[in-house]
file input-v8.json (JSON, C-alpha atoms)
[["chain", "number", "residue", "atom", "x", "y", "z"],
["A", 1, "MET", "CA", -29.54, -11.38, 14.76],
["A", 2, "PHE", "CA", -30.47, -15.01, 15.44],
["A", 3, "ASN", "CA", -31.45, -14.50, 19.11],
["A", 4, "ALA", "CA", -35.16, -14.24, 18.28],
["A", 5, "LEU", "CA", -35.31, -17.66, 16.63],
["A", 6, "SER", "CA", -37.06, -20.63, 18.17],
["A", 7, "GLU", "CA", -35.11, -23.90, 18.24],
["A", 8, "GLU", "CA", -37.04, -25.13, 15.20],
["A", 9, "GLU", "CA", -36.36, -21.92, 13.23],
["A", 10, "TYR", "CA", -32.71, -22.02, 14.29],
["A", 11, "ASN", "CA", -32.41, -25.58, 12.92],
["A", 12, "ILE", "CA", -33.97, -24.49, 9.61],
["A", 13, "VAL", "CA", -31.39, -21.71, 9.32],
["A", 14, "ILE", "CA", -28.54, -24.14, 10.14],
["A", 15, "ASP", "CA", -29.78, -26.50, 7.41],
["A", 16, "ALA", "CA", -29.98, -23.62, 4.90],
["A", 17, "LEU", "CA", -26.38, -22.44, 5.45],
["A", 18, "GLN", "CA", -23.95, -23.11, 2.61],
["A", 19, "ASN", "CA", -20.20, -23.40, 3.09],
["A", 20, "VAL", "CA", -18.07, -20.91, 1.11],
["A", 21, "LYS", "CA", -14.27, -20.83, 0.93],
["A", 22, "LYS", "CA", -12.28, -17.77, -0.09],
["A", 23, "ASN", "CA", -8.57, -17.42, -0.79],
["A", 24, "SER", "CA", -6.45, -14.62, 0.63],
["A", 25, "GLY", "CA", -7.13, -11.40, -1.32],
["A", 26, "GLU", "CA", -10.41, -12.66, -2.74],
["A", 27, "ALA", "CA", -13.51, -10.44, -2.37],
["A", 28, "VAL", "CA", -16.54, -11.86, -0.62],
["A", 29, "ILE", "CA", -18.76, -8.84, -1.28],
["A", 30, "THR", "CA", -18.08, -5.70, -3.30],
["A", 31, "GLU", "CA", -19.39, -2.24, -2.48],
["A", 32, "GLY", "CA", -22.27, -1.21, -4.75],
["A", 33, "GLU", "CA", -23.25, -4.71, -5.88],
["A", 34, "ASP", "CA", -26.67, -6.18, -5.19],
["A", 35, "GLY", "CA", -26.75, -8.30, -2.06],
["A", 36, "ASP", "CA", -28.60, -11.60, -1.98],
["A", 37, "CYS", "CA", -27.05, -13.27, 1.09],
["A", 38, "LEU", "CA", -25.31, -12.72, 4.40],
["A", 39, "TYR", "CA", -22.14, -14.40, 5.66],
["A", 40, "ILE", "CA", -20.97, -15.75, 8.99],
["A", 41, "VAL", "CA", -17.20, -16.17, 9.44],
["A", 42, "ASP", "CA", -16.16, -19.66, 10.52],
["A", 43, "LYS", "CA", -12.39, -19.46, 9.90],
["A", 44, "GLY", "CA", -9.98, -16.77, 8.77],
["A", 45, "LYS", "CA", -9.73, -13.01, 8.91],
["A", 46, "LEU", "CA", -11.34, -10.52, 6.54],
["A", 47, "SER", "CA", -11.06, -6.75, 6.05],
["A", 48, "CYS", "CA", -13.93, -4.36, 5.47],
["A", 49, "THR", "CA", -13.32, -1.19, 3.43],
["A", 50, "LYS", "CA", -15.50, 1.57, 2.00],
["A", 51, "VAL", "CA", -14.91, 4.32, -0.54],
["A", 52, "PHE", "CA", -16.38, 7.46, 1.00],
["A", 53, "LYS", "CA", -17.75, 10.36, -1.04],
["A", 54, "GLY", "CA", -14.94, 12.58, -2.31],
["A", 55, "ASN", "CA", -12.32, 9.79, -2.00],
["A", 56, "THR", "CA", -11.00, 7.44, -4.63],
["A", 57, "GLU", "CA", -9.21, 5.09, -2.25],
["A", 58, "PRO", "CA", -11.04, 2.76, 0.13],
["A", 59, "THR", "CA", -10.94, 3.46, 3.88],
["A", 60, "PHE", "CA", -10.37, 0.51, 6.23],
["A", 61, "LEU", "CA", -13.33, 0.09, 8.60],
["A", 62, "LYS", "CA", -12.84, -3.15, 10.52],
["A", 63, "HIS", "CA", -11.70, -6.78, 10.58],
["A", 64, "TYR", "CA", -14.10, -9.71, 10.62],
["A", 65, "GLU", "CA", -13.09, -12.85, 12.50],
["A", 66, "PRO", "CA", -14.76, -16.17, 13.40],
["A", 67, "GLY", "CA", -18.24, -15.60, 14.85],
["A", 68, "ASP", "CA", -18.76, -12.27, 13.08],
["A", 69, "ALA", "CA", -21.51, -11.82, 10.48],
["A", 70, "PHE", "CA", -21.88, -9.34, 7.64],
["A", 71, "GLY", "CA", -24.04, -8.61, 4.61],
["A", 72, "GLU", "CA", -27.37, -8.40, 6.44],
["A", 73, "LEU", "CA", -27.96, -4.71, 5.56],
["A", 74, "ALA", "CA", -28.53, -5.55, 1.90],
["A", 75, "LEU", "CA", -31.09, -8.16, 2.98],
["A", 76, "LEU", "CA", -32.81, -6.03, 5.60],
["A", 77, "TYR", "CA", -33.13, -2.91, 3.46],
["A", 78, "ASN", "CA", -32.91, -4.36, -0.07],
["A", 79, "CYS", "CA", -30.06, -1.99, -0.88],
["A", 80, "PRO", "CA", -26.66, -2.36, -2.59],
["A", 81, "ARG", "CA", -23.65, -3.56, -0.61],
["A", 82, "ALA", "CA", -22.41, -0.72, 1.62],
["A", 83, "ALA", "CA", -18.77, -1.89, 1.74],
["A", 84, "THR", "CA", -16.24, -4.32, 0.29],
["A", 85, "ILE", "CA", -15.07, -7.29, 2.32],
["A", 86, "LYS", "CA", -11.99, -9.24, 1.27],
["A", 87, "ALA", "CA", -10.31, -12.26, 2.81],
["A", 88, "ASP", "CA", -6.96, -11.41, 4.46],
["A", 89, "THR", "CA", -6.25, -15.11, 4.94],
["A", 90, "GLU", "CA", -7.76, -18.29, 3.60],
["A", 91, "SER", "CA", -11.28, -18.06, 5.00],
["A", 92, "GLU", "CA", -14.26, -20.28, 5.46],
["A", 93, "LEU", "CA", -17.71, -18.73, 5.69],
["A", 94, "TRP", "CA", -21.32, -19.81, 6.01],
["A", 95, "MET", "CA", -23.72, -18.15, 3.59],
["A", 96, "LEU", "CA", -27.46, -17.64, 4.22],
["A", 97, "ASP", "CA", -29.67, -16.79, 1.24],
["A", 98, "ARG", "CA", -32.19, -13.94, 1.11],
["A", 99, "ALA", "CA", -35.30, -16.17, 0.98],
["A", 100, "THR", "CA", -34.41, -18.07, 4.17],
["A", 101, "PHE", "CA", -33.33, -14.86, 5.88],
["A", 102, "ASN", "CA", -36.59, -13.08, 4.99],
["A", 103, "HIS", "CA", -38.90, -15.97, 5.86],
["A", 104, "ILE", "CA", -37.23, -17.04, 9.08],
["A", 105, "VAL", "CA", -34.82, -14.50, 10.57],
["A", 106, "LYS", "CA", -36.51, -11.23, 9.60],
["A", 107, "ASP", "CA", -39.99, -12.42, 10.60],
["A", 108, "ALA", "CA", -38.73, -13.76, 13.95],
["A", 109, "ALA", "CA", -36.92, -10.48, 14.64],
["A", 110, "ALA", "CA", -40.09, -8.49, 13.88],
["A", 111, "GLN", "CA", -42.14, -10.73, 16.18],
["A", 112, "LYS", "CA", -39.51, -10.38, 18.93],
["A", 113, "ARG", "CA", -39.49, -6.59, 18.56],
["A", 114, "GLU", "CA", -43.29, -6.42, 18.76],
["A", 115, "LYS", "CA", -43.34, -8.67, 21.85],
["A", 116, "TYR", "CA", -40.69, -6.65, 23.68],
["A", 117, "GLU", "CA", -42.10, -3.25, 22.70],
["A", 118, "GLU", "CA", -45.42, -4.23, 24.27],
["A", 119, "PHE", "CA", -43.73, -5.60, 27.40],
["A", 120, "LEU", "CA", -41.34, -2.64, 27.83],
["A", 121, "GLY", "CA", -44.24, -0.21, 27.43],
["A", 122, "LYS", "CA", -45.69, -1.65, 30.67],
["A", 123, "VAL", "CA", -42.48, -1.25, 32.72],
["A", 124, "LYS", "CA", -42.95, 1.82, 34.95],
["A", 125, "ILE", "CA", -39.25, 2.70, 35.19],
["A", 126, "LEU", "CA", -39.09, 2.89, 31.37],
["A", 127, "SER", "CA", -42.27, 4.96, 30.90],
["A", 128, "SER", "CA", -40.35, 8.20, 30.29],
["A", 129, "MET", "CA", -38.52, 6.67, 27.32],
["A", 130, "GLU", "CA", -39.64, 7.41, 23.78],
["A", 131, "PRO", "CA", -41.12, 4.42, 21.87],
["A", 132, "TYR", "CA", -38.06, 4.42, 19.57],
["A", 133, "GLU", "CA", -35.72, 4.19, 22.59],
["A", 134, "ARG", "CA", -37.75, 1.30, 24.02],
["A", 135, "SER", "CA", -37.62, -0.50, 20.67],
["A", 136, "LYS", "CA", -33.82, -0.18, 20.64],
["A", 137, "LEU", "CA", -33.73, -1.55, 24.18],
["A", 138, "GLY", "CA", -35.99, -4.40, 23.03],
["A", 139, "ASP", "CA", -33.51, -5.26, 20.27],
["A", 140, "ALA", "CA", -30.83, -5.78, 22.92],
["A", 141, "ILE", "CA", -32.89, -8.05, 25.18],
["A", 142, "LYS", "CA", -31.72, -11.60, 25.63],
["A", 143, "GLU", "CA", -34.22, -13.89, 27.30],
["A", 144, "GLU", "CA", -33.07, -16.24, 30.04],
["A", 145, "VAL", "CA", -35.15, -18.88, 31.77],
["A", 146, "PHE", "CA", -34.53, -19.73, 35.42],
["A", 147, "GLU", "CA", -35.87, -22.77, 37.21],
["A", 148, "ALA", "CA", -37.68, -22.42, 40.56],
["A", 149, "GLY", "CA", -35.09, -22.02, 43.34],
["A", 150, "GLN", "CA", -32.29, -21.04, 40.94],
["A", 151, "PHE", "CA", -30.40, -17.81, 41.71],
["A", 152, "VAL", "CA", -30.65, -15.02, 39.18],
["A", 153, "ILE", "CA", -28.15, -12.80, 41.00],
["A", 154, "GLN", "CA", -26.44, -13.20, 44.35],
["A", 155, "GLU", "CA", -25.52, -10.63, 46.95],
["A", 156, "GLY", "CA", -21.89, -9.60, 46.61],
["A", 157, "GLU", "CA", -21.55, -10.37, 42.90],
["A", 158, "SER", "CA", -20.56, -7.57, 40.55],
["A", 159, "GLY", "CA", -23.62, -6.35, 38.69],
["A", 160, "ASN", "CA", -23.24, -6.10, 34.93],
["A", 161, "LEU", "CA", -26.71, -7.22, 33.81],
["A", 162, "PHE", "CA", -30.17, -5.74, 34.21],
["A", 163, "TYR", "CA", -33.05, -8.19, 34.59],
["A", 164, "LEU", "CA", -36.76, -7.66, 33.95],
["A", 165, "ILE", "CA", -39.24, -10.36, 34.93],
["A", 166, "MET", "CA", -41.45, -11.14, 31.94],
["A", 167, "GLU", "CA", -43.17, -14.15, 33.44],
["A", 168, "GLY", "CA", -43.17, -15.80, 36.86],
["A", 169, "GLN", "CA", -42.04, -14.47, 40.22],
["A", 170, "ALA", "CA", -38.75, -13.81, 41.96],
["A", 171, "VAL", "CA", -37.88, -13.18, 45.60],
["A", 172, "ALA", "CA", -35.24, -10.65, 46.67],
["A", 173, "THR", "CA", -33.32, -11.34, 49.88],
["A", 174, "LYS", "CA", -30.59, -9.44, 51.70],
["A", 175, "THR", "CA", -28.22, -10.32, 54.52],
["A", 176, "ILE", "CA", -29.16, -7.93, 57.32],
["A", 177, "GLU", "CA", -27.06, -9.44, 60.08],
["A", 178, "PRO", "CA", -23.76, -11.26, 59.30],
["A", 179, "GLY", "CA", -23.92, -14.96, 60.14],
["A", 180, "LYS", "CA", -27.74, -15.07, 59.93],
["A", 181, "PRO", "CA", -29.79, -16.26, 56.92],
["A", 182, "PRO", "CA", -30.79, -13.61, 54.36],
["A", 183, "GLN", "CA", -34.19, -11.99, 54.83],
["A", 184, "GLU", "CA", -36.81, -11.34, 52.18],
["A", 185, "VAL", "CA", -36.80, -7.61, 51.35],
["A", 186, "PHE", "CA", -39.71, -7.42, 48.87]]
call {"tool": "encode", "arguments": {"input": "input-v8.json", "output": "C-alpha cells"}}
result
Amino acid sequence: MFNALSEEEYNIVIDALQNVKKNSGEAVITEGEDGDCLYIVDKGKLSCTKVFKGNTEPTFLKHYEPGDAFGELALLYNCPRAATIKADTESELWMLDRATFNHIVKDAAAQKREKYEEFLGKVKILSSMEPYERSKLGDAIKEEVFEAGQFVIQEGESGNLFYLIMEGQAVATKTIEPGKPPQEVF
C-alpha cells in the first residue's frame, strides 16, 4: 500500500501516524461502523471476525500481527467496516487518518497504477493480457534500482522474481564453456 510513495510522501505519512494502544479483548474496529482511519500493527496479536449473512455468530477470518495493516477498505471505498478486529493481547498500533491517506497514499497509488499500466501496455509478452489483468500486475510491481555493473540475477541462482527493464540497459551473459568467462547472449 505504501510502495508507491516517494521518500518525501513516506515521511509525511510517518509524521501523520498516531500511536494507539488496545487492551486484550478491546475492539479496534467494529463491523458496520463508519471507517475514518487505517491501522498498522506494531505489537501484539489481533483477531478479525465477520458475521456473514444468515449467521448470528461471527466467523473467524484471520490474525493480524506486527507489520500487518487493516482498515484501508473503508478509506478506499468510503464504505462501512467490513469486519470486526479485536486485540487478542495488549497491542500497539499506528493509526493513519482518512485525510492523509486520501491526499498522499491514494493519490500516489493512482499515479503508480497509471504509470505501470502505460508501461505494461508496451511489453510485447504481455500484449495478450486484458487491461484489467495488466493493472493487477501493475499493482504488484516493486521497483528496484541497480547501479551500472551490479548483477540483477546470476547464472545458477534459483529464479523467483521476474524483472522488466523500465529504464536503462542490461546485458545478459551465459557460461558456454566451463572455466571460460561468460559470453554475452543478447
call {"tool": "closest_residue", "arguments": {"input": "input-v8.json", "among": "A:Thr56, A:Asn102, A:Ser6, A:Gln154", "to": "A:Pro182", "atoms": "only C-alpha atoms"}}
result
A:Gln154
call {"tool": "atom_distance", "arguments": {"input": "input-v8.json", "atom1": "atom CA of A:Leu93", "atom2": "atom CA of A:Ala140"}}
result
25.2 Å
call {"tool": "closest_atom_pairs", "arguments": {"input": "input-v8.json", "of": "stretch 75-153 of chain A", "to": "stretch 18-37 of chain A", "cutoff": "8 Å", "atoms": "all atoms listed in the file", "output": "Markdown table"}}
result
| residue | atom | partner | partner_atom | distance |
| --- | --- | --- | --- | --- |
| A:Leu75 | CA | A:Asp36 | CA | 6.5 |
| A:Asn78 | CA | A:Gly35 | CA | 7.6 |
| A:Cys79 | CA | A:Asp34 | CA | 6.9 |
| A:Pro80 | CA | A:Asp34 | CA | 4.6 |
| A:Arg81 | CA | A:Glu31 | CA | 4.8 |
| A:Ala82 | CA | A:Glu31 | CA | 5.3 |
| A:Ala83 | CA | A:Glu31 | CA | 4.3 |
| A:Thr84 | CA | A:Thr30 | CA | 4.3 |
| A:Ile85 | CA | A:Ile29 | CA | 5.4 |
| A:Lys86 | CA | A:Ala27 | CA | 4.1 |
| A:Ala87 | CA | A:Ser24 | CA | 5.0 |
| A:Asp88 | CA | A:Ser24 | CA | 5.0 |
| A:Thr89 | CA | A:Ser24 | CA | 4.3 |
| A:Glu90 | CA | A:Asn23 | CA | 4.5 |
| A:Ser91 | CA | A:Lys22 | CA | 5.2 |
| A:Glu92 | CA | A:Lys21 | CA | 4.6 |
| A:Leu93 | CA | A:Val20 | CA | 5.1 |
| A:Trp94 | CA | A:Asn19 | CA | 4.8 |
| A:Met95 | CA | A:Gln18 | CA | 5.1 |
| A:Leu96 | CA | A:Cys37 | CA | 5.4 |
| A:Asp97 | CA | A:Cys37 | CA | 4.4 |
| A:Arg98 | CA | A:Cys37 | CA | 5.2 |
call {"tool": "atom_distance", "arguments": {"input": "input-v8.json", "atom1": "atom CA of A:Glu130", "atom2": "atom CA of A:Lys112"}}
result
18.4 Å
call {"tool": "atom_distance", "arguments": {"input": "input-v8.json", "atom1": "atom CA of A:Gly67", "atom2": "atom CA of A:Tyr163"}}
result
25.8 Å
call {"tool": "closest_residue", "arguments": {"input": "input-v8.json", "among": "A:His103, A:Pro131, A:Glu143, A:Ala172", "to": "A:Ala16", "atoms": "only C-alpha atoms"}}
result
A:His103
call {"tool": "residues_near_point", "arguments": {"input": "input-v8.json", "point": "(-36.0, -19.8, 29.4)", "cutoff": "12 Å", "atoms": "all atoms listed in the file", "output": "PyMOL selection string"}}
result
chain A and resi 6-7+142-148+165-168
call {"tool": "residues_near_point", "arguments": {"input": "input-v8.json", "point": "(-34.7, -0.9, 22.6)", "cutoff": "12 Å", "atoms": "all atoms listed in the file", "output": "ChimeraX atom specification"}}
result
/A:112-121,126,129-142
call {"tool": "residues_around", "arguments": {"input": "input-v8.json", "residues": "A:Asp68", "least_positions_apart": "5", "cutoff": "10 Å", "atoms": "all atoms listed in the file", "output": "list in words"}}
result
Tyr39, Ile40, Val41, Asp42, Lys45, His63 and Leu93 of chain A
call {"tool": "build_atoms", "arguments": {"input": "input-v8.json", "residues": "stretch 70-94 of chain A", "atoms": "N, CA and C atoms", "output": "JSON list (two decimals), in the frame of the given file"}}
result
[["chain", "number", "residue", "atom", "x", "y", "z"],
["A", 70, "PHE", "N", -21.77, -10.55, 8.44],
["A", 70, "PHE", "CA", -21.88, -9.34, 7.64],
["A", 70, "PHE", "C", -22.76, -9.60, 6.42],
["A", 71, "GLY", "N", -23.23, -8.51, 5.82],
["A", 71, "GLY", "CA", -24.04, -8.61, 4.61],
["A", 71, "GLY", "C", -25.53, -8.52, 4.85],
["A", 72, "GLU", "N", -25.93, -8.41, 6.13],
["A", 72, "GLU", "CA", -27.37, -8.40, 6.44],
["A", 72, "GLU", "C", -28.06, -7.10, 6.04],
["A", 73, "LEU", "N", -27.32, -5.99, 5.92],
["A", 73, "LEU", "CA", -27.96, -4.71, 5.56],
["A", 73, "LEU", "C", -28.63, -4.79, 4.20],
["A", 74, "ALA", "N", -27.96, -5.43, 3.23],
["A", 74, "ALA", "CA", -28.53, -5.55, 1.90],
["A", 74, "ALA", "C", -29.82, -6.38, 1.93],
["A", 75, "LEU", "N", -29.89, -7.34, 2.87],
["A", 75, "LEU", "CA", -31.09, -8.16, 2.98],
["A", 75, "LEU", "C", -32.20, -7.44, 3.74],
["A", 76, "LEU", "N", -31.82, -6.74, 4.80],
["A", 76, "LEU", "CA", -32.81, -6.03, 5.60],
["A", 76, "LEU", "C", -33.46, -4.88, 4.84],
["A", 77, "TYR", "N", -32.65, -4.14, 4.09],
["A", 77, "TYR", "CA", -33.13, -2.91, 3.46],
["A", 77, "TYR", "C", -33.17, -2.98, 1.94],
["A", 78, "ASN", "N", -32.88, -4.16, 1.37],
["A", 78, "ASN", "CA", -32.91, -4.36, -0.07],
["A", 78, "ASN", "C", -32.13, -3.25, -0.79],
["A", 79, "CYS", "N", -30.90, -3.04, -0.33],
["A", 79, "CYS", "CA", -30.06, -1.99, -0.88],
["A", 79, "CYS", "C", -28.73, -2.60, -1.35],
["A", 80, "PRO", "N", -27.96, -1.85, -2.14],
["A", 80, "PRO", "CA", -26.66, -2.36, -2.59],
["A", 80, "PRO", "C", -25.70, -2.54, -1.41],
["A", 81, "ARG", "N", -24.67, -3.32, -1.63],
["A", 81, "ARG", "CA", -23.65, -3.56, -0.61],
["A", 81, "ARG", "C", -23.03, -2.22, -0.21],
["A", 82, "ALA", "N", -22.91, -2.00, 1.10],
["A", 82, "ALA", "CA", -22.41, -0.72, 1.62],
["A", 82, "ALA", "C", -20.89, -0.68, 1.72],
["A", 83, "ALA", "N", -20.23, -1.83, 1.59],
["A", 83, "ALA", "CA", -18.77, -1.89, 1.74],
["A", 83, "ALA", "C", -18.24, -3.10, 0.98],
["A", 84, "THR", "N", -16.92, -3.17, 0.89],
["A", 84, "THR", "CA", -16.24, -4.32, 0.29],
["A", 84, "THR", "C", -15.58, -5.11, 1.41],
["A", 85, "ILE", "N", -15.71, -6.43, 1.33],
["A", 85, "ILE", "CA", -15.07, -7.29, 2.32],
["A", 85, "ILE", "C", -14.25, -8.32, 1.57],
["A", 86, "LYS", "N", -12.94, -8.32, 1.91],
["A", 86, "LYS", "CA", -11.99, -9.24, 1.27],
["A", 86, "LYS", "C", -11.34, -10.12, 2.33],
["A", 87, "ALA", "N", -11.00, -11.33, 1.92],
["A", 87, "ALA", "CA", -10.31, -12.26, 2.81],
["A", 87, "ALA", "C", -8.85, -11.83, 2.95],
["A", 88, "ASP", "N", -8.37, -11.69, 4.19],
["A", 88, "ASP", "CA", -6.96, -11.41, 4.46],
["A", 88, "ASP", "C", -6.17, -12.71, 4.48],
["A", 89, "THR", "N", -6.85, -13.77, 4.87],
["A", 89, "THR", "CA", -6.25, -15.11, 4.94],
["A", 89, "THR", "C", -7.23, -16.06, 4.27],
["A", 90, "GLU", "N", -6.80, -17.30, 4.07],
["A", 90, "GLU", "CA", -7.76, -18.29, 3.60],
["A", 90, "GLU", "C", -8.90, -18.29, 4.60],
["A", 91, "SER", "N", -10.12, -18.20, 4.10],
["A", 91, "SER", "CA", -11.28, -18.06, 5.00],
["A", 91, "SER", "C", -12.37, -19.03, 4.62],
["A", 92, "GLU", "N", -13.11, -19.43, 5.65],
["A", 92, "GLU", "CA", -14.26, -20.28, 5.46],
["A", 92, "GLU", "C", -15.45, -19.57, 6.06],
["A", 93, "LEU", "N", -16.53, -19.47, 5.29],
["A", 93, "LEU", "CA", -17.71, -18.73, 5.69],
["A", 93, "LEU", "C", -18.95, -19.60, 5.51],
["A", 94, "TRP", "N", -20.01, -19.19, 6.21],
["A", 94, "TRP", "CA", -21.32, -19.81, 6.01],
["A", 94, "TRP", "C", -22.21, -18.74, 5.40]]
